[in-house]
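Content type compact mmCIF, C-alpha atoms and all ligand atoms, from the file structure09.txt:
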```txt
# COMPACT_ATOMS: atom_id res chain seq x y z
CA MET A 17 43.80 -51.41 42.28
CA LEU A 18 44.05 -53.35 39.02
CA VAL A 19 43.84 -50.12 37.09
CA VAL A 20 46.74 -48.67 39.08
CA ILE A 21 48.89 -51.74 38.46
CA PHE A 22 48.02 -51.62 34.77
CA LEU A 23 48.95 -47.94 34.51
CA ALA A 24 52.21 -48.54 36.35
CA LEU A 25 53.13 -51.33 33.93
CA VAL A 26 52.27 -49.24 30.89
CA SER A 27 54.32 -46.39 32.30
CA VAL A 28 57.38 -48.56 32.95
CA ALA A 29 57.07 -50.05 29.48
CA TRP A 30 56.77 -46.59 27.98
CA ARG A 31 59.90 -45.28 29.63
CA TRP A 32 61.84 -48.42 28.97
CA GLY A 33 60.63 -48.48 25.38
CA GLY A 34 61.75 -44.89 24.98
CA GLU A 35 65.31 -45.87 25.78
CA LEU A 36 65.41 -49.10 23.82
CA LYS A 37 64.00 -47.48 20.73
CA ALA A 38 66.80 -44.92 20.57
CA GLU A 39 68.15 -46.10 17.22
CA THR A 40 68.58 -42.95 15.20
CA ALA A 41 70.87 -40.10 16.17
CA GLN A 42 67.81 -37.98 16.83
CA ASP A 43 66.42 -40.49 19.35
CA TYR A 44 69.74 -40.62 21.16
CA HIS A 45 69.68 -36.87 21.28
CA ALA A 46 66.18 -36.84 22.81
CA VAL A 47 67.25 -39.28 25.52
CA GLY A 48 70.55 -37.43 26.01
CA VAL A 49 69.20 -33.92 26.58
CA ARG A 50 66.91 -35.25 29.31
CA GLN A 51 69.78 -36.65 31.35
CA GLY A 52 69.97 -35.34 34.89
CA VAL A 53 66.41 -34.03 34.87
CA TRP A 54 64.51 -34.56 38.09
CA ASN A 55 62.32 -37.68 37.87
CA ASN A 56 62.89 -37.77 34.11
CA GLY A 57 60.65 -34.68 33.84
CA GLN A 58 57.62 -36.60 35.08
CA ALA A 59 55.13 -35.46 37.70
CA ALA A 60 54.40 -39.04 38.73
CA LEU A 61 54.97 -42.56 37.46
CA TRP A 62 51.77 -42.43 35.42
CA ASP A 63 52.62 -39.04 33.88
CA LEU A 64 53.33 -40.41 30.42
CA ASN A 65 55.21 -38.45 27.81
CA PHE A 66 52.50 -38.84 25.20
CA LEU A 67 49.94 -37.11 27.44
CA ASP A 68 51.98 -33.94 27.09
CA TYR A 69 51.99 -34.19 23.33
CA PHE A 70 48.18 -34.37 23.26
CA HIS A 71 48.16 -31.13 25.25
CA TYR A 72 45.29 -32.42 27.34
CA PHE A 73 46.38 -30.53 30.39
CA GLY A 74 47.14 -27.14 29.06
CA PRO A 75 48.51 -25.05 26.24
CA PRO A 76 51.39 -26.42 24.09
CA GLU A 77 53.99 -24.16 25.70
CA ARG A 78 53.47 -26.06 28.92
CA ALA A 79 54.21 -29.48 27.43
CA ARG A 80 57.41 -31.48 27.50
CA GLY A 81 59.21 -31.24 24.18
CA HIS A 82 58.08 -27.66 23.54
CA GLN A 83 60.81 -26.16 21.37
CA PRO A 84 59.83 -22.84 19.80
CA GLU A 85 61.81 -21.39 16.92
CA GLN A 86 63.82 -18.32 17.89
CA PRO A 87 64.19 -15.07 15.89
CA ILE A 88 67.98 -15.65 15.74
CA LYS A 89 69.37 -19.19 15.66
CA PHE A 90 71.47 -18.81 18.79
CA SER A 91 73.04 -22.14 19.76
CA HIS A 92 73.99 -23.22 23.30
CA VAL A 93 76.14 -25.93 21.68
CA THR A 94 78.36 -23.29 20.08
CA HIS A 95 78.57 -21.02 23.09
CA VAL A 96 78.54 -23.37 26.07
CA GLN A 97 79.86 -26.68 24.78
CA LYS A 98 82.38 -25.51 22.16
CA ASN A 99 83.40 -22.18 23.68
CA GLN A 100 83.13 -23.18 27.35
CA MET A 101 81.06 -20.20 28.41
CA ASP A 102 79.58 -20.13 31.88
CA CYS A 103 75.76 -20.06 32.17
CA GLN A 104 75.96 -17.16 34.57
CA PHE A 105 78.00 -15.03 32.18
CA CYS A 106 74.75 -14.58 30.25
CA HIS A 107 72.03 -15.54 32.75
CA TRP A 108 73.72 -13.41 35.40
CA SER A 109 70.75 -13.03 37.76
CA VAL A 110 70.11 -16.70 38.62
CA ASP A 111 71.79 -16.48 42.04
CA LYS A 112 70.56 -12.95 42.75
CA ALA A 113 66.90 -12.83 41.79
CA ALA A 114 63.77 -14.85 41.15
CA TYR A 115 64.10 -14.59 37.37
CA ALA A 116 66.94 -15.68 35.08
CA ALA A 117 68.12 -12.74 32.99
CA ILE A 118 68.33 -13.14 29.21
CA PRO A 119 71.41 -11.21 28.05
CA GLU A 120 71.14 -7.80 26.37
CA VAL A 121 72.37 -7.29 22.81
CA GLU A 122 75.35 -5.34 24.23
CA THR A 123 76.55 -8.47 26.05
CA CYS A 124 76.55 -10.36 22.76
CA MET A 125 78.34 -7.55 20.94
CA GLY A 126 81.25 -7.79 23.39
CA CYS A 127 82.32 -10.70 21.19
CA HIS A 128 80.36 -10.25 17.99
CA LEU A 129 81.91 -6.93 17.02
CA GLN A 130 84.84 -9.24 16.15
CA VAL A 131 83.35 -12.74 15.79
CA SER A 132 81.38 -13.03 12.52
CA GLY A 133 81.11 -16.84 12.20
CA THR A 134 82.74 -19.46 9.96
CA GLU A 135 79.86 -21.32 8.34
CA GLN A 136 77.42 -19.48 6.11
CA TRP A 137 74.38 -20.04 8.37
CA GLN A 138 76.33 -18.64 11.31
CA LYS A 139 77.30 -15.55 9.32
CA ASP A 140 73.66 -14.97 8.35
CA GLU A 141 72.46 -15.29 11.93
CA ILE A 142 75.22 -13.09 13.34
CA ASN A 143 74.33 -10.47 10.70
CA LYS A 144 70.80 -10.40 12.07
CA LEU A 145 72.28 -9.76 15.50
CA LYS A 146 74.44 -6.92 14.17
CA LYS A 147 71.43 -5.31 12.47
CA LYS A 148 69.51 -5.39 15.77
CA ASN A 149 72.47 -3.77 17.47
CA GLU A 150 72.77 -1.01 14.87
CA ALA A 151 69.04 -0.30 15.08
CA GLY A 152 69.26 -0.30 18.90
CA GLN A 153 66.45 -2.87 19.07
CA PRO A 154 66.16 -5.71 21.58
CA ILE A 155 65.84 -9.29 20.30
CA GLU A 156 62.38 -10.70 20.89
CA TRP A 157 63.24 -14.20 22.11
CA THR A 158 60.33 -16.59 22.53
CA LYS A 159 60.07 -17.87 26.08
CA VAL A 160 60.51 -21.65 26.31
CA HIS A 161 59.46 -22.15 29.93
CA VAL A 162 56.23 -20.46 30.89
CA MET A 163 54.55 -20.78 34.28
CA PRO A 164 50.90 -19.86 34.81
CA ASP A 165 50.38 -16.46 36.47
CA HIS A 166 49.30 -17.98 39.79
CA VAL A 167 52.62 -19.78 40.25
CA ARG A 168 55.55 -18.27 42.09
CA PHE A 169 58.99 -19.52 41.11
CA ASN A 170 62.39 -18.48 42.35
CA HIS A 171 65.76 -19.21 40.70
CA LYS A 172 67.91 -17.77 43.46
CA ARG A 173 66.46 -20.06 46.15
CA HIS A 174 67.12 -23.17 44.07
CA VAL A 175 70.58 -22.21 42.88
CA LYS A 176 71.66 -21.27 46.43
CA ALA A 177 70.30 -24.62 47.68
CA GLY A 178 72.51 -26.44 45.15
CA VAL A 179 69.79 -27.52 42.71
CA THR A 180 71.55 -27.51 39.34
CA CYS A 181 70.35 -26.08 36.03
CA GLN A 182 70.18 -29.57 34.51
CA ASN A 183 67.90 -30.83 37.31
CA CYS A 184 65.21 -28.69 35.72
CA HIS A 185 66.39 -27.75 32.21
CA GLY A 186 68.35 -30.83 31.11
CA GLN A 187 71.55 -30.81 29.07
CA ILE A 188 71.35 -27.25 27.72
CA PRO A 189 74.96 -27.37 26.43
CA GLU A 190 73.81 -30.04 23.94
CA MET A 191 70.80 -28.13 22.63
CA GLN A 192 71.04 -26.32 19.30
CA VAL A 193 67.54 -25.04 20.05
CA VAL A 194 66.40 -24.91 23.68
CA GLU A 195 63.77 -27.50 24.49
CA ARG A 196 61.50 -27.93 27.48
CA VAL A 197 62.48 -31.33 28.92
CA SER A 198 59.87 -31.35 31.69
CA SER A 199 56.26 -30.25 31.57
CA MET A 200 56.99 -28.82 35.05
CA LYS A 201 53.58 -29.84 36.31
CA MET A 202 52.76 -29.29 39.97
CA GLY A 203 53.45 -32.92 40.89
CA TRP A 204 56.95 -32.66 39.45
CA CYS A 205 57.82 -29.67 41.67
CA ILE A 206 56.24 -31.24 44.75
CA ASP A 207 57.95 -34.58 44.22
CA CYS A 208 61.35 -32.97 44.56
CA HIS A 209 60.28 -30.70 47.42
CA ARG A 210 59.10 -33.75 49.37
CA THR A 211 62.35 -35.62 48.77
CA GLN A 212 64.46 -32.61 49.75
CA GLY A 213 62.38 -31.82 52.81
CA THR A 214 61.37 -28.41 51.45
CA SER A 215 57.99 -26.76 52.02
CA ILE A 216 54.99 -28.07 50.06
CA ASP A 217 52.64 -25.50 51.54
CA CYS A 218 50.32 -24.10 48.83
CA TYR A 219 51.55 -20.54 49.46
CA THR A 220 55.15 -21.54 48.81
CA CYS A 221 54.35 -21.77 45.12
CA HIS A 222 51.03 -19.96 44.70
CA LYS A 223 50.14 -16.31 44.93
C1 LIG B 301 82.46 -14.88 24.67
C2 LIG B 301 82.16 -14.51 23.32
C3 LIG B 301 80.73 -14.60 22.82
C4 LIG B 301 79.60 -14.01 23.35
C5 LIG B 301 79.48 -13.15 24.60
C6 LIG B 301 78.51 -14.34 22.46
N1 LIG B 301 78.96 -15.09 21.42
FE1 LIG B 301 77.86 -15.75 19.84
N2 LIG B 301 79.46 -16.79 19.12
C7 LIG B 301 80.72 -16.77 19.69
C8 LIG B 301 81.59 -17.67 18.94
C9 LIG B 301 83.08 -17.94 19.21
C10 LIG B 301 80.78 -18.22 17.90
C11 LIG B 301 81.19 -19.26 16.86
C12 LIG B 301 81.72 -18.59 15.64
C13 LIG B 301 82.32 -19.59 14.68
O1 LIG B 301 82.19 -20.81 14.87
O2 LIG B 301 82.96 -19.13 13.73
C14 LIG B 301 79.45 -17.64 18.05
C15 LIG B 301 78.38 -17.89 17.19
C16 LIG B 301 77.16 -17.24 17.26
C17 LIG B 301 76.08 -17.38 16.30
C18 LIG B 301 76.09 -18.28 15.08
C19 LIG B 301 75.21 -19.49 15.35
C20 LIG B 301 75.78 -20.36 16.45
O3 LIG B 301 75.34 -20.20 17.61
O4 LIG B 301 76.72 -21.14 16.20
C21 LIG B 301 75.05 -16.58 16.72
C22 LIG B 301 73.70 -16.38 16.05
C23 LIG B 301 75.48 -15.94 17.94
N3 LIG B 301 76.77 -16.35 18.23
C24 LIG B 301 74.68 -15.10 18.67
C25 LIG B 301 75.03 -14.61 19.93
C26 LIG B 301 74.12 -13.90 20.79
C27 LIG B 301 72.67 -13.60 20.48
C28 LIG B 301 74.82 -13.59 21.91
C29 LIG B 301 74.30 -12.87 23.13
C30 LIG B 301 73.20 -13.50 23.82
C31 LIG B 301 76.17 -14.09 21.75
N4 LIG B 301 76.25 -14.72 20.53
C32 LIG B 301 77.20 -13.92 22.65
C33 LIG B 301 81.14 -16.01 20.76
C34 LIG B 301 80.31 -15.28 21.60
C1 LIG B 302 76.23 -16.53 25.31
C2 LIG B 302 75.15 -16.37 26.24
C3 LIG B 302 74.51 -17.60 26.88
C4 LIG B 302 75.10 -18.59 27.63
C5 LIG B 302 76.58 -18.73 27.97
C6 LIG B 302 74.04 -19.46 28.08
N1 LIG B 302 72.85 -19.01 27.59
FE1 LIG B 302 71.01 -19.82 27.96
N2 LIG B 302 70.15 -18.48 26.66
C7 LIG B 302 70.82 -17.46 26.01
C8 LIG B 302 69.89 -16.77 25.12
C9 LIG B 302 70.23 -15.59 24.21
C10 LIG B 302 68.63 -17.41 25.29
C11 LIG B 302 67.31 -17.08 24.57
C12 LIG B 302 67.24 -17.75 23.23
C13 LIG B 302 67.00 -19.22 23.30
O1 LIG B 302 66.04 -19.66 23.96
O2 LIG B 302 67.81 -19.98 22.71
C14 LIG B 302 68.83 -18.48 26.26
C15 LIG B 302 67.85 -19.35 26.69
C16 LIG B 302 68.01 -20.26 27.73
C17 LIG B 302 66.93 -21.04 28.32
C18 LIG B 302 65.47 -21.00 27.91
C19 LIG B 302 64.81 -19.82 28.58
C20 LIG B 302 63.34 -19.76 28.34
O3 LIG B 302 62.93 -19.05 27.41
O4 LIG B 302 62.58 -20.40 29.06
C21 LIG B 302 67.47 -21.81 29.30
C22 LIG B 302 66.75 -22.78 30.20
C23 LIG B 302 68.90 -21.53 29.30
N3 LIG B 302 69.19 -20.59 28.35
C24 LIG B 302 69.80 -22.15 30.14
C25 LIG B 302 71.17 -22.02 30.04
C26 LIG B 302 72.12 -22.84 30.76
C27 LIG B 302 71.76 -23.93 31.74
C28 LIG B 302 73.37 -22.41 30.40
C29 LIG B 302 74.71 -23.00 30.83
C30 LIG B 302 74.86 -24.42 30.65
C31 LIG B 302 73.20 -21.31 29.46
N4 LIG B 302 71.86 -21.12 29.26
C32 LIG B 302 74.23 -20.58 28.88
C33 LIG B 302 72.15 -17.12 26.17
C34 LIG B 302 73.09 -17.87 26.85
C1 LIG B 303 64.02 -25.95 40.24
C2 LIG B 303 63.98 -25.86 38.82
C3 LIG B 303 64.89 -24.90 38.07
C4 LIG B 303 66.26 -24.74 38.22
C5 LIG B 303 67.19 -25.43 39.19
C6 LIG B 303 66.64 -23.76 37.24
N1 LIG B 303 65.55 -23.33 36.54
FE1 LIG B 303 65.52 -21.97 35.06
N2 LIG B 303 63.47 -22.03 35.00
C7 LIG B 303 62.68 -22.85 35.78
C8 LIG B 303 61.29 -22.50 35.62
C9 LIG B 303 60.11 -23.15 36.32
C10 LIG B 303 61.26 -21.42 34.70
C11 LIG B 303 60.04 -20.64 34.21
C12 LIG B 303 59.83 -19.49 35.16
C13 LIG B 303 58.63 -18.61 34.89
O1 LIG B 303 58.05 -18.66 33.81
O2 LIG B 303 58.28 -17.83 35.80
C14 LIG B 303 62.66 -21.16 34.31
C15 LIG B 303 63.06 -20.19 33.42
C16 LIG B 303 64.37 -19.96 33.04
C17 LIG B 303 64.81 -18.99 32.05
C18 LIG B 303 63.89 -18.02 31.29
C19 LIG B 303 63.79 -16.69 32.04
C20 LIG B 303 62.90 -16.75 33.25
O3 LIG B 303 63.38 -16.43 34.38
O4 LIG B 303 61.72 -17.09 33.12
C21 LIG B 303 66.17 -19.09 31.96
C22 LIG B 303 67.09 -18.26 31.06
C23 LIG B 303 66.60 -20.09 32.90
N3 LIG B 303 65.49 -20.60 33.53
C24 LIG B 303 67.93 -20.47 33.11
C25 LIG B 303 68.36 -21.24 34.18
C26 LIG B 303 69.76 -21.45 34.55
C27 LIG B 303 70.96 -20.86 33.81
C28 LIG B 303 69.77 -22.25 35.65
C29 LIG B 303 70.96 -22.76 36.46
C30 LIG B 303 71.80 -21.72 37.06
C31 LIG B 303 68.38 -22.55 35.98
N4 LIG B 303 67.56 -21.91 35.08
C32 LIG B 303 67.97 -23.35 37.03
C33 LIG B 303 63.15 -23.86 36.59
C34 LIG B 303 64.46 -24.01 37.02
C1 LIG B 304 65.16 -30.95 41.86
C2 LIG B 304 64.47 -30.44 43.02
C3 LIG B 304 63.46 -29.31 42.90
C4 LIG B 304 62.54 -29.11 41.91
C5 LIG B 304 62.30 -29.93 40.66
C6 LIG B 304 61.80 -27.92 42.29
N1 LIG B 304 62.27 -27.42 43.48
FE1 LIG B 304 61.60 -25.74 44.43
N2 LIG B 304 63.04 -25.98 45.86
C7 LIG B 304 63.92 -27.03 45.94
C8 LIG B 304 64.76 -26.88 47.11
C9 LIG B 304 65.87 -27.81 47.57
C10 LIG B 304 64.32 -25.68 47.74
C11 LIG B 304 64.80 -25.12 49.07
C12 LIG B 304 65.58 -23.87 48.93
C13 LIG B 304 65.91 -23.31 50.30
O1 LIG B 304 65.89 -24.04 51.28
O2 LIG B 304 66.17 -22.13 50.33
C14 LIG B 304 63.24 -25.14 46.92
C15 LIG B 304 62.56 -23.95 47.19
C16 LIG B 304 61.51 -23.44 46.44
C17 LIG B 304 60.83 -22.19 46.70
C18 LIG B 304 61.15 -21.21 47.80
C19 LIG B 304 60.56 -21.72 49.08
C20 LIG B 304 60.52 -20.65 50.14
O3 LIG B 304 60.51 -21.05 51.31
O4 LIG B 304 60.45 -19.48 49.82
C21 LIG B 304 59.84 -22.06 45.75
C22 LIG B 304 58.84 -20.92 45.61
C23 LIG B 304 59.91 -23.22 44.90
N3 LIG B 304 60.94 -24.03 45.34
C24 LIG B 304 59.08 -23.45 43.82
C25 LIG B 304 59.23 -24.51 42.92
C26 LIG B 304 58.38 -24.70 41.74
C27 LIG B 304 57.20 -23.84 41.35
C28 LIG B 304 58.88 -25.80 41.12
C29 LIG B 304 58.38 -26.43 39.83
C30 LIG B 304 58.31 -25.58 38.66
C31 LIG B 304 60.02 -26.28 41.89
N4 LIG B 304 60.19 -25.48 42.98
C32 LIG B 304 60.77 -27.40 41.53
C33 LIG B 304 64.03 -28.09 45.06
C34 LIG B 304 63.28 -28.25 43.89
C1 LIG B 305 56.28 -26.89 44.83
C2 LIG B 305 55.38 -25.98 44.23
C3 LIG B 305 53.87 -26.13 44.39
C4 LIG B 305 53.16 -26.36 45.55
C5 LIG B 305 53.73 -26.58 46.95
C6 LIG B 305 51.77 -26.34 45.19
N1 LIG B 305 51.63 -26.11 43.85
FE1 LIG B 305 49.87 -26.00 42.80
N2 LIG B 305 50.92 -25.75 41.04
C7 LIG B 305 52.29 -25.66 40.94
C8 LIG B 305 52.64 -25.48 39.55
C9 LIG B 305 54.05 -25.36 39.00
C10 LIG B 305 51.42 -25.47 38.81
C11 LIG B 305 51.24 -25.29 37.30
C12 LIG B 305 51.21 -26.62 36.63
C13 LIG B 305 51.11 -26.54 35.13
O1 LIG B 305 51.46 -25.56 34.53
O2 LIG B 305 50.67 -27.55 34.57
C14 LIG B 305 50.36 -25.63 39.79
C15 LIG B 305 48.99 -25.65 39.48
C16 LIG B 305 47.98 -25.68 40.41
C17 LIG B 305 46.56 -25.60 40.09
C18 LIG B 305 45.97 -25.45 38.69
C19 LIG B 305 45.64 -26.78 38.11
C20 LIG B 305 46.81 -27.41 37.47
O3 LIG B 305 47.14 -28.57 37.79
O4 LIG B 305 47.45 -26.79 36.61
C21 LIG B 305 45.87 -25.68 41.27
C22 LIG B 305 44.37 -25.64 41.45
C23 LIG B 305 46.86 -25.81 42.34
N3 LIG B 305 48.12 -25.81 41.78
C24 LIG B 305 46.55 -25.91 43.68
C25 LIG B 305 47.48 -26.14 44.70
C26 LIG B 305 47.14 -26.36 46.11
C27 LIG B 305 45.71 -26.38 46.67
C28 LIG B 305 48.31 -26.55 46.78
C29 LIG B 305 48.52 -26.88 48.26
C30 LIG B 305 47.99 -28.15 48.69
C31 LIG B 305 49.39 -26.43 45.79
N4 LIG B 305 48.85 -26.17 44.57
C32 LIG B 305 50.74 -26.52 46.11
C33 LIG B 305 53.20 -25.74 41.98
C34 LIG B 305 52.91 -25.98 43.31
```

Once you've parsed the file, please lay out its structure as structure tokens.
Amino acid sequence: MLVVIFLALVSVAWRWGGELKAETAQDYHAVGVRQGVWNNGQAALWDLNFLDYFHYFGPPERARGHQPEQPIKFSHVTHVQKNQMDCQFCHWSVDKAAYAAIPEVETCMGCHLQVSGTEQWQKDEINKLKKKNEAGQPIEWTKVHVMPDHVRFNHKRHVKAGVTCQNCHGQIPEMQVVERVSSMKMGWCIDCHRTQGTSIDCYTCHK
């Protein structure tokens, strides 16, 4: 019992501390992109952020804060926040299928035959895109969210039920580079399913 109380206190302090310590712009950003995420991306009260960083419970790509570098520096800030593009314009399958489609190079070229960028870094990155298009090659994006093979996940069911993108992915429009804001551990999924009165039967999520 004492141990539980201790862990609860540490956990509260940790989360509180995380917000109070947001002094630099980068800290504010880290707190900001997590806004709207279910249960702050935690599986339970004692699921502390730092446990994810130690990667005790799995490979790094399943930890909160995982933010792989991409072959082309595509920015959601530019496209979604500044140019007001709709998520579903690119990730068109979210309300039709289990997976969320990543757009083909042709979708990008609809604009980038004309749009070449203003700043130098943008021009360089858009040139990479054009080269891929000329060579007819797909872009090999690195997946940010990876579920183990035994887990079944379904975008369509969530989107149709009114669960929003930010409930699971955070403030994507503010991310220059997409970051995993929840470790998406089993307890995190189940916590929301319980609250929403959805099935928590093992076979709902496991093959
Ligand atoms: C609706 C039009 C549109 C589509 C579709 C589009 N872009 Fe862009 N893209 C833009 C605009 C506008 C800019 C900003 C250019 C500027 O500021 O001068 C931009 C900028 C970029 C940049 C420069 C870095 C950045 O993000 O600021 C890259 C790289 C890029 N786009 C890649 C892509 C890729 C990859 C796709 C397809 C997945 C894509 N774009 C689809 C309009 C589009
Ligand atoms: C112009 C096209 C475009 C738009 C609009 C767009 N995205 Fe993306 N998105 C991409 C591309 C390309 C990638 C892969 C590269 C990357 O991870 O940055 C991606 C990656 C992602 C990922 C990470 C996928 C993974 O690998 O696990 C998430 C989550 C995501 N987008 C959510 C959103 C949300 C939410 C919105 C709306 C707020 C949105 N996207 C709008 C093109 C787009
Ligand atoms: C209930 C949580 C949840 C919601 C809501 C959600 N996602 Fe996801 N998303 C995930 C999970 C979990 C994965 C990893 C799936 C996998 O690896 O099988 C993922 C993966 C992705 C990917 C990578 C491609 C894929 O299918 O693996 C993209 C892109 C993406 N999501 C975009 C979106 C967009 C856009 C929305 C809003 C329309 C959205 N997601 C809503 C949990 C969610
Ligand atoms: C923010 C809340 C929320 C989170 C987080 C969430 N879910 Fe769900 N999930 C729902 C709701 C609501 C439904 C019910 C959809 C319906 O009734 O059709 C659902 C339905 C499902 C279904 C379909 C159930 C069926 O009967 O076929 C699967 C599979 C599922 N979720 C898996 C997951 C997994 C795996 C995760 C974690 C990676 C997750 N969910 C995280 C809210 C959530
Ligand atoms: C709402 C979805 C959901 C339900 C319901 C669910 N699981 Fe899971 N489970 C997951 C996810 C997501 C993971 C992967 C967690 C990760 O990557 O860390 C997982 C992982 C696991 C693992 C691997 C160990 C681990 O923690 O990674 C086992 C074993 C497991 N689940 C058993 C069960 C059993 C038994 C039940 C029924 C009592 C169940 N699960 C119900 C989503 C679910």

Subject >> Shell of 8 Å around ligand LIG 304 (chain B) (all atoms listed in the file), written as an MDAnalysis selection string >> reply: chainID A and resid 53:54 163 167:170 173:174 176:180 183:184 200:202 204:209 212:215 220:222

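Of the listed residues A:Val131, A:Met125, A:Ala60, A:Val162, the one whose atoms come nearest to ligand LIG 305 (chain B) is A:Val162, with distances taken using only C-alpha atoms and all ligand atoms.
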
**OP:** Please measure the separation of atom CA of A:Val197 and atom C18 of ligand LIG 301 (chain B), giving the value in Å to one decimal.
**Re:**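 Distance reported for this atom pair: 23.4 Å.
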
**OP:** Just give me the gap between atom C15 of ligand LIG 301 (chain B) and atom CA of A:Val49 in Å, one decimal is fine.
**Re:**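 Going from atom C15 of ligand LIG 301 (chain B) over to atom CA of A:Val49, I get 20.7 Å.
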
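Candidate residues A:Gly152, A:Pro87, A:Gly133, A:Gly126 were compared for distance to A:Cys106, and the nearest is A:Gly126, using only C-alpha atoms.
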
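Each of A:Glu122, A:Asp63, A:Glu141, A:Asp68 was compared to A:Phe90 using all atoms listed in the file, and A:Glu141 turns out to be the nearest.
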